[in-house]
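Peer 1: My file is final28.cif. It has mmCIF, C-alpha atoms:
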data_run
#
loop_
_atom_site.group_PDB
_atom_site.id
_atom_site.type_symbol
_atom_site.label_atom_id
_atom_site.label_comp_id
_atom_site.auth_asym_id
_atom_site.auth_seq_id
_atom_site.Cartn_x
_atom_site.Cartn_y
_atom_site.Cartn_z
ATOM 1 C CA MET A 634 236.692 169.513 94.116
ATOM 2 C CA LYS A 635 234.141 171.859 92.566
ATOM 3 C CA LYS A 636 230.533 170.643 92.512
ATOM 4 C CA LYS A 637 229.038 170.098 89.030
ATOM 5 C CA GLN A 638 226.611 172.839 88.049
ATOM 6 C CA SER A 639 223.087 171.434 87.619
ATOM 7 C CA ILE A 640 221.411 172.004 84.279
ATOM 8 C CA CYS A 641 217.688 172.730 84.397
ATOM 9 C CA LEU A 642 215.053 172.929 81.697
ATOM 10 C CA VAL A 643 212.224 175.328 82.539
ATOM 11 C CA THR A 644 209.261 175.065 80.189
ATOM 12 C CA GLY A 645 207.103 178.172 80.208
ATOM 13 C CA GLY A 646 210.048 180.119 81.588
ATOM 14 C CA ALA A 647 208.966 183.353 79.884
ATOM 15 C CA GLY A 648 205.638 183.370 81.733
ATOM 16 C CA PHE A 649 204.948 185.096 85.022
ATOM 17 C CA ILE A 650 205.495 182.162 87.385
ATOM 18 C CA GLY A 651 208.067 180.451 85.153
ATOM 19 C CA SER A 652 210.242 183.558 84.967
ATOM 20 C CA HIS A 653 210.308 183.778 88.754
ATOM 21 C CA VAL A 654 211.315 180.109 88.973
ATOM 22 C CA VAL A 655 214.120 180.813 86.476
ATOM 23 C CA ASP A 656 215.321 183.834 88.455
ATOM 24 C CA GLN A 657 215.546 181.776 91.652
ATOM 25 C CA LEU A 658 217.353 178.925 89.898
ATOM 26 C CA VAL A 659 219.862 181.322 88.308
ATOM 27 C CA GLN A 660 220.418 182.976 91.689
ATOM 28 C CA SER A 661 221.064 179.504 93.163
ATOM 29 C CA GLY A 662 223.801 178.855 90.610
ATOM 30 C CA HIS A 663 222.062 176.520 88.166
ATOM 31 C CA LYS A 664 222.501 176.620 84.391
ATOM 32 C CA ILE A 665 219.065 177.243 82.865
ATOM 33 C CA VAL A 666 217.531 176.483 79.497
ATOM 34 C CA ILE A 667 214.105 178.032 78.920
ATOM 35 C CA LEU A 668 211.741 176.469 76.398
ATOM 36 C CA ASP A 669 208.754 178.694 75.665
ATOM 37 C CA ASN A 670 206.654 179.321 72.557
ATOM 38 C CA LEU A 671 205.734 182.794 73.848
ATOM 39 C CA SER A 672 201.996 182.141 73.512
ATOM 40 C CA GLY A 673 201.538 183.369 77.091
ATOM 41 C CA GLY A 674 205.009 184.562 78.037
ATOM 42 C CA PHE A 675 207.056 187.574 77.063
ATOM 43 C CA THR A 676 210.683 188.045 76.048
ATOM 44 C CA ARG A 677 210.982 190.816 78.638
ATOM 45 C CA ASN A 678 210.529 188.141 81.348
ATOM 46 C CA ILE A 679 213.512 186.086 80.180
ATOM 47 C CA ASN A 680 216.501 186.135 82.509
ATOM 48 C CA PRO A 681 219.560 187.177 80.441
ATOM 49 C CA LYS A 682 221.673 184.505 82.165
ATOM 50 C CA ALA A 683 219.415 181.737 80.821
ATOM 51 C CA ILE A 684 219.570 180.123 77.400
ATOM 52 C CA PHE A 685 216.287 180.800 75.596
ATOM 53 C CA ILE A 686 214.830 178.427 73.006
ATOM 54 C CA LYS A 687 211.622 179.501 71.282
ATOM 55 C CA GLY A 688 209.682 176.325 70.697
ATOM 56 C CA SER A 689 206.876 174.062 71.762
ATOM 57 C CA ILE A 690 206.697 171.109 74.118
ATOM 58 C CA ASN A 691 204.652 169.492 71.338
ATOM 59 C CA ASN A 692 207.724 169.343 69.102
ATOM 60 C CA GLN A 693 209.023 165.927 70.108
ATOM 61 C CA LYS A 694 212.061 166.206 67.834
ATOM 62 C CA LEU A 695 213.040 169.505 69.502
ATOM 63 C CA ILE A 696 212.489 168.059 72.987
ATOM 64 C CA ASN A 697 214.686 165.053 72.232
ATOM 65 C CA SER A 698 217.447 167.215 70.727
ATOM 66 C CA LEU A 699 217.448 169.535 73.777
ATOM 67 C CA PHE A 700 217.725 166.580 76.166
ATOM 68 C CA ASP A 701 220.557 165.122 74.055
ATOM 69 C CA GLN A 702 222.404 168.434 73.867
ATOM 70 C CA TYR A 703 222.079 169.693 77.436
ATOM 71 C CA LYS A 704 221.846 166.479 79.522
ATOM 72 C CA PHE A 705 219.361 168.058 81.949
ATOM 73 C CA ASP A 706 219.425 167.167 85.622
ATOM 74 C CA TYR A 707 216.041 168.735 86.388
ATOM 75 C CA VAL A 708 212.915 169.750 84.494
ATOM 76 C CA PHE A 709 210.536 172.368 85.849
ATOM 77 C CA HIS A 710 207.424 172.009 83.695
ATOM 78 C CA LEU A 711 205.236 175.123 83.703
ATOM 79 C CA ALA A 712 204.284 175.297 80.024
ATOM 80 C CA ALA A 713 200.554 175.105 79.339
ATOM 81 C CA TYR A 714 197.945 176.858 77.311
ATOM 82 C CA ALA A 715 195.998 178.464 80.141
ATOM 83 C CA ALA A 716 192.872 179.852 78.542
ATOM 84 C CA GLU A 717 190.345 178.373 80.952
ATOM 85 C CA GLY A 718 187.363 180.303 79.610
ATOM 86 C CA LEU A 719 188.159 179.295 76.044
ATOM 87 C CA SER A 720 188.984 175.677 76.805
ATOM 88 C CA PRO A 721 185.491 174.277 75.991
ATOM 89 C CA PHE A 722 185.857 175.714 72.488
ATOM 90 C CA ILE A 723 189.425 174.547 71.843
ATOM 91 C CA ARG A 724 189.393 171.114 73.444
ATOM 92 C CA HIS A 725 191.740 169.381 70.993
ATOM 93 C CA PHE A 726 194.225 172.253 71.043
ATOM 94 C CA ASN A 727 194.109 172.326 74.836
ATOM 95 C CA TYR A 728 194.733 168.585 75.240
ATOM 96 C CA GLN A 729 197.455 168.612 72.604
ATOM 97 C CA ASN A 730 199.332 171.397 74.373
ATOM 98 C CA ASN A 731 198.755 170.450 77.986
ATOM 99 C CA LEU A 732 198.626 166.658 77.902
ATOM 100 C CA ILE A 733 200.582 165.453 74.868
ATOM 101 C CA GLY A 734 203.285 168.090 75.404
ATOM 102 C CA SER A 735 203.670 166.923 79.010
ATOM 103 C CA ILE A 736 203.924 163.310 77.845
ATOM 104 C CA ASN A 737 206.730 164.309 75.442
ATOM 105 C CA LEU A 738 208.663 165.826 78.351
ATOM 106 C CA ILE A 739 208.011 162.910 80.689
ATOM 107 C CA ASN A 740 209.130 160.350 78.093
ATOM 108 C CA ALA A 741 212.344 162.275 77.368
ATOM 109 C CA SER A 742 212.970 162.623 81.103
ATOM 110 C CA ILE A 743 212.645 158.874 81.619
ATOM 111 C CA ARG A 744 214.926 158.071 78.665
ATOM 112 C CA HIS A 745 217.593 160.447 79.972
ATOM 113 C CA ARG A 746 217.346 159.328 83.606
ATOM 114 C CA LEU A 747 216.525 162.764 84.933
ATOM 115 C CA LYS A 748 217.152 163.426 88.638
ATOM 116 C CA LYS A 749 213.806 165.196 89.186
ATOM 117 C CA PHE A 750 210.770 166.237 87.176
ATOM 118 C CA ILE A 751 208.846 169.066 88.832
ATOM 119 C CA PHE A 752 205.359 169.567 87.417
ATOM 120 C CA ILE A 753 203.528 172.759 88.258
ATOM 121 C CA SER A 754 199.824 172.073 87.884
ATOM 122 C CA SER A 755 196.855 174.387 88.345
ATOM 123 C CA ILE A 756 194.179 175.152 90.879
ATOM 124 C CA ALA A 757 191.768 174.339 88.026
ATOM 125 C CA VAL A 758 192.176 170.617 88.778
ATOM 126 C CA TYR A 759 190.157 171.152 91.979
ATOM 127 C CA GLY A 760 187.189 172.943 90.454
ATOM 128 C CA THR A 761 185.348 175.669 92.309
ATOM 129 C CA ASN A 762 183.968 176.134 95.798
ATOM 130 C CA GLN A 763 186.428 173.873 97.593
ATOM 131 C CA THR A 764 187.763 175.955 100.426
ATOM 132 C CA PRO A 765 189.993 176.099 102.225
ATOM 133 C CA MET A 766 192.533 175.018 99.607
ATOM 134 C CA ILE A 767 194.491 172.209 101.253
ATOM 135 C CA GLU A 768 196.635 169.396 99.882
ATOM 136 C CA THR A 769 194.082 166.687 100.640
ATOM 137 C CA LEU A 770 191.376 168.139 98.369
ATOM 138 C CA GLU A 771 189.860 165.753 95.869
ATOM 139 C CA PRO A 772 190.448 166.800 92.242
ATOM 140 C CA LYS A 773 187.202 167.804 90.515
ATOM 141 C CA PRO A 774 188.126 169.579 87.276
ATOM 142 C CA GLU A 775 185.190 171.293 85.610
ATOM 143 C CA ASP A 776 186.473 172.290 82.189
ATOM 144 C CA PRO A 777 188.827 170.914 79.515
ATOM 145 C CA TYR A 778 191.733 172.988 80.841
ATOM 146 C CA GLY A 779 191.367 171.580 84.359
ATOM 147 C CA ILE A 780 190.895 168.056 82.979
ATOM 148 C CA SER A 781 194.052 168.317 80.847
ATOM 149 C CA LYS A 782 196.104 169.543 83.815
ATOM 150 C CA TYR A 783 194.696 166.789 86.024
ATOM 151 C CA ALA A 784 195.455 164.125 83.398
#
Would it be possible to restate this file's structure as structure tokens?

Peer 2:
Amino acid sequence: MKKKQSICLVTGGAGFIGSHVVDQLVQSGHKIVILDNLSGGFTRNINPKAIFIKGSINNQKLINSLFDQYKFDYVFHLAAYAAEGLSPFIRHFNYQNNLIGSINLINASIRHRLKKFIFISSIAVYGTNQTPMIETLEPKPEDPYGISKYA
């Protein structure tokens, strides 16, 4: 009997790290749907074997329709607005994109009984001057971007 192909949603899959995650998942035989609004990613990064949806994690209606349509097994959440230096000036925008968008994905994942939700955070949750970087570090975000990723 042939094993069912896993279906993965990769948010931020047109970004640098997200595109590499997509490439590895495609190479491993998974079916991939990329959701990216292209605010920090590029179409040239999109793996041609993936399904690309241009959209935002803040669009709850879109998120719900994608989960209904594709019945995802896994979500790899890399989407975020990563403008650390600007984050003190765009606090609401930053929280809306990084926190509320994540909540939309988490809620849809719970409703659809996802196998795994993989959240890729940021070194910004640890602040500065904490070396060496080890897993037991205490989070100490210093700006709205780091706070939103920590939350």

Peer 1: Let me know the residues the PyMOL selection byres ((chain A and resi 706) around 12) catches in the file above, as a PyMOL selection string.

Peer 2: chain A and resi 637-643+663-666+700-701+703-705+707-709+741-743+745-751

Peer 1: Mind writing the picked residues with C-alpha atoms as a compact mmCIF listing (two decimals), in the coordinates of the input?

Peer 2:
# COMPACT_ATOMS: atom_id res chain seq x y z
CA LYS A 637 229.04 170.10 89.03
CA GLN A 638 226.61 172.84 88.05
CA SER A 639 223.09 171.43 87.62
CA ILE A 640 221.41 172.00 84.28
CA CYS A 641 217.69 172.73 84.40
CA LEU A 642 215.05 172.93 81.70
CA VAL A 643 212.22 175.33 82.54
CA HIS A 663 222.06 176.52 88.17
CA LYS A 664 222.50 176.62 84.39
CA ILE A 665 219.06 177.24 82.86
CA VAL A 666 217.53 176.48 79.50
CA PHE A 700 217.72 166.58 76.17
CA ASP A 701 220.56 165.12 74.06
CA TYR A 703 222.08 169.69 77.44
CA LYS A 704 221.85 166.48 79.52
CA PHE A 705 219.36 168.06 81.95
CA TYR A 707 216.04 168.74 86.39
CA VAL A 708 212.92 169.75 84.49
CA PHE A 709 210.54 172.37 85.85
CA ALA A 741 212.34 162.28 77.37
CA SER A 742 212.97 162.62 81.10
CA ILE A 743 212.64 158.87 81.62
CA HIS A 745 217.59 160.45 79.97
CA ARG A 746 217.35 159.33 83.61
CA LEU A 747 216.52 162.76 84.93
CA LYS A 748 217.15 163.43 88.64
CA LYS A 749 213.81 165.20 89.19
CA PHE A 750 210.77 166.24 87.18
CA ILE A 751 208.85 169.07 88.83

Peer 1: Just give me the gap between CA of Gln729 in chain A and CA of Ile667 in chain A in Å, one decimal is fine.

Peer 2: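 Rounded to one decimal, the two atoms are 20.1 Å apart.
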
Peer 1: From the list A:Gly662, A:Gly734, A:Pro765, A:Gly673, which residue is nearest Ala647 in chain A when using only C-alpha atoms?

Peer 2: A:Gly673

Peer 1: Please, what distance in Å, to one decimal, runs between CA of Gly688 in chain A and CA of Gly674 in chain A?

Peer 2: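 The value is 12.0 Å.
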
Peer 1: Separation of CA of Asn692 in chain A and CA of Gly651 in chain A, in Å?

Peer 2: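 Result for CA of Asn692 in chain A versus CA of Gly651 in chain A: 19.5 Å, one decimal.
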
Peer 1: Which one is closest to Asp656 in chain A: A:Asn730, A:Ser754, A:Asn737, A:Asn680? Count all atoms listed in the file.

Peer 2: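 Checking each of A:Asn730, A:Ser754, A:Asn737, A:Asn680 against Asp656 in chain A, counting all atoms listed in the file, the winner is A:Asn680.
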
Peer 1: Give the padded box for range 643-658 of chain A as AutoDock Vina command-line options: axis-aligned, covering all atoms listed in the file, 8 Å on each side, centre and edge lengths in Å to one decimal.

Peer 2:
--center_x 211.2 --center_y 180.1 --center_z 85.8 --size_x 28.4 --size_y 26.0 --size_z 27.8

Peer 1: When the PyMOL selection byres ((chain A and resi 784) around 10) is applied to the structure above, which residues does it catch, written out as a list in words?

Peer 2: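 Applying the expression gives Tyr728, Asn731, Leu732, Ser735, Val758, Pro774, Tyr778, Gly779, Ile780, Ser781, Lys782 and Tyr783 of chain A.
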
Peer 1: When you count all atoms listed in the file, which of these residues is closest to Glu768 in chain A: A:Leu738, A:Ile696, A:Ile756, A:Asp669?

Peer 2: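 Answer, going by the shortest atom-to-atom distance: A:Ile756.
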
Peer 1: Rank nothing, just name the residue among A:Asn678, A:Asn740, A:Ser672, A:Thr764 nearest to Ile650 in chain A, using only C-alpha atoms.

Peer 2: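 Checking each candidate against Ile650 in chain A, we get A:Asn678 as the closest.
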
Peer 1: Applied to the shown file, which residues does the PyMOL selection byres ((chain A and resi 760) around 6) return, written as a PyMOL selection string?

Peer 2: chain A and resi 757-759+761+773-775

Peer 1: Nearest to Asn691 in chain A among A:Thr644, A:Thr769, A:Ser652, A:Gln660, with distances taken over all atoms listed in the file: which residue is it?

Peer 2: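 For Asn691 in chain A, the nearest of the candidates is A:Thr644.
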
Peer 1: Could range 671-689 of chain A be completed with N, CA, C and O atoms and written as a PDB file, keeping the file's coordinate frame, please?

Peer 2:
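Contents of the output file part17.pdb:
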ATOM      1  N   LEU A 671     206.155 181.399  73.678  1.00  0.00           N
ATOM      2  CA  LEU A 671     205.734 182.794  73.848  1.00  0.00           C
ATOM      3  C   LEU A 671     204.246 183.021  73.583  1.00  0.00           C
ATOM      4  O   LEU A 671     203.830 184.140  73.324  1.00  0.00           O
ATOM      5  N   SER A 672     203.440 181.958  73.684  1.00  0.00           N
ATOM      6  CA  SER A 672     201.996 182.141  73.512  1.00  0.00           C
ATOM      7  C   SER A 672     201.371 182.817  74.731  1.00  0.00           C
ATOM      8  O   SER A 672     200.314 183.425  74.628  1.00  0.00           O
ATOM      9  N   GLY A 673     202.035 182.707  75.886  1.00  0.00           N
ATOM     10  CA  GLY A 673     201.538 183.369  77.091  1.00  0.00           C
ATOM     11  C   GLY A 673     202.636 184.084  77.840  1.00  0.00           C
ATOM     12  O   GLY A 673     202.380 184.781  78.813  1.00  0.00           O
ATOM     13  N   GLY A 674     203.868 183.916  77.393  1.00  0.00           N
ATOM     14  CA  GLY A 674     205.009 184.562  78.037  1.00  0.00           C
ATOM     15  C   GLY A 674     205.529 185.708  77.198  1.00  0.00           C
ATOM     16  O   GLY A 674     205.055 185.946  76.086  1.00  0.00           O
ATOM     17  N   PHE A 675     206.523 186.392  77.734  1.00  0.00           N
ATOM     18  CA  PHE A 675     207.056 187.574  77.063  1.00  0.00           C
ATOM     19  C   PHE A 675     208.579 187.560  77.126  1.00  0.00           C
ATOM     20  O   PHE A 675     209.162 187.186  78.157  1.00  0.00           O
ATOM     21  N   THR A 676     209.219 188.013  76.070  1.00  0.00           N
ATOM     22  CA  THR A 676     210.683 188.045  76.048  1.00  0.00           C
ATOM     23  C   THR A 676     211.239 188.936  77.155  1.00  0.00           C
ATOM     24  O   THR A 676     212.323 188.676  77.658  1.00  0.00           O
ATOM     25  N   ARG A 677     210.496 189.936  77.567  1.00  0.00           N
ATOM     26  CA  ARG A 677     210.982 190.816  78.638  1.00  0.00           C
ATOM     27  C   ARG A 677     211.114 190.075  79.978  1.00  0.00           C
ATOM     28  O   ARG A 677     211.797 190.541  80.876  1.00  0.00           O
ATOM     29  N   ASN A 678     210.449 188.929  80.118  1.00  0.00           N
ATOM     30  CA  ASN A 678     210.529 188.141  81.348  1.00  0.00           C
ATOM     31  C   ASN A 678     211.738 187.208  81.385  1.00  0.00           C
ATOM     32  O   ASN A 678     212.004 186.602  82.417  1.00  0.00           O
ATOM     33  N   ILE A 679     212.436 187.075  80.287  1.00  0.00           N
ATOM     34  CA  ILE A 679     213.512 186.086  80.180  1.00  0.00           C
ATOM     35  C   ILE A 679     214.776 186.592  80.872  1.00  0.00           C
ATOM     36  O   ILE A 679     215.283 187.668  80.554  1.00  0.00           O
ATOM     37  N   ASN A 680     215.264 185.804  81.803  1.00  0.00           N
ATOM     38  CA  ASN A 680     216.501 186.135  82.509  1.00  0.00           C
ATOM     39  C   ASN A 680     217.658 186.084  81.509  1.00  0.00           C
ATOM     40  O   ASN A 680     217.836 185.077  80.813  1.00  0.00           O
ATOM     41  N   PRO A 681     218.463 187.144  81.423  1.00  0.00           N
ATOM     42  CA  PRO A 681     219.560 187.177  80.441  1.00  0.00           C
ATOM     43  C   PRO A 681     220.646 186.128  80.694  1.00  0.00           C
ATOM     44  O   PRO A 681     221.431 185.828  79.794  1.00  0.00           O
ATOM     45  N   LYS A 682     220.678 185.541  81.879  1.00  0.00           N
ATOM     46  CA  LYS A 682     221.673 184.505  82.165  1.00  0.00           C
ATOM     47  C   LYS A 682     221.206 183.118  81.727  1.00  0.00           C
ATOM     48  O   LYS A 682     221.977 182.163  81.788  1.00  0.00           O
ATOM     49  N   ALA A 683     219.965 183.013  81.280  1.00  0.00           N
ATOM     50  CA  ALA A 683     219.415 181.737  80.821  1.00  0.00           C
ATOM     51  C   ALA A 683     219.565 181.624  79.306  1.00  0.00           C
ATOM     52  O   ALA A 683     219.649 182.624  78.599  1.00  0.00           O
ATOM     53  N   ILE A 684     219.593 180.399  78.838  1.00  0.00           N
ATOM     54  CA  ILE A 684     219.570 180.123  77.400  1.00  0.00           C
ATOM     55  C   ILE A 684     218.095 180.029  77.016  1.00  0.00           C
ATOM     56  O   ILE A 684     217.340 179.270  77.623  1.00  0.00           O
ATOM     57  N   PHE A 685     217.688 180.798  76.013  1.00  0.00           N
ATOM     58  CA  PHE A 685     216.287 180.800  75.596  1.00  0.00           C
ATOM     59  C   PHE A 685     216.126 180.084  74.263  1.00  0.00           C
ATOM     60  O   PHE A 685     216.823 180.388  73.302  1.00  0.00           O
ATOM     61  N   ILE A 686     215.193 179.130  74.233  1.00  0.00           N
ATOM     62  CA  ILE A 686     214.830 178.427  73.006  1.00  0.00           C
ATOM     63  C   ILE A 686     213.347 178.692  72.771  1.00  0.00           C
ATOM     64  O   ILE A 686     212.512 178.347  73.617  1.00  0.00           O
ATOM     65  N   LYS A 687     213.032 179.307  71.624  1.00  0.00           N
ATOM     66  CA  LYS A 687     211.622 179.501  71.282  1.00  0.00           C
ATOM     67  C   LYS A 687     211.141 178.224  70.602  1.00  0.00           C
ATOM     68  O   LYS A 687     211.650 177.838  69.545  1.00  0.00           O
ATOM     69  N   GLY A 688     210.194 177.571  71.250  1.00  0.00           N
ATOM     70  CA  GLY A 688     209.682 176.325  70.697  1.00  0.00           C
ATOM     71  C   GLY A 688     208.598 175.754  71.579  1.00  0.00           C
ATOM     72  O   GLY A 688     208.306 176.276  72.651  1.00  0.00           O
ATOM     73  N   SER A 689     208.035 174.667  71.111  1.00  0.00           N
ATOM     74  CA  SER A 689     206.876 174.062  71.762  1.00  0.00           C
ATOM     75  C   SER A 689     207.214 172.715  72.389  1.00  0.00           C
ATOM     76  O   SER A 689     208.003 171.939  71.830  1.00  0.00           O
TER      77      SER A 689
END
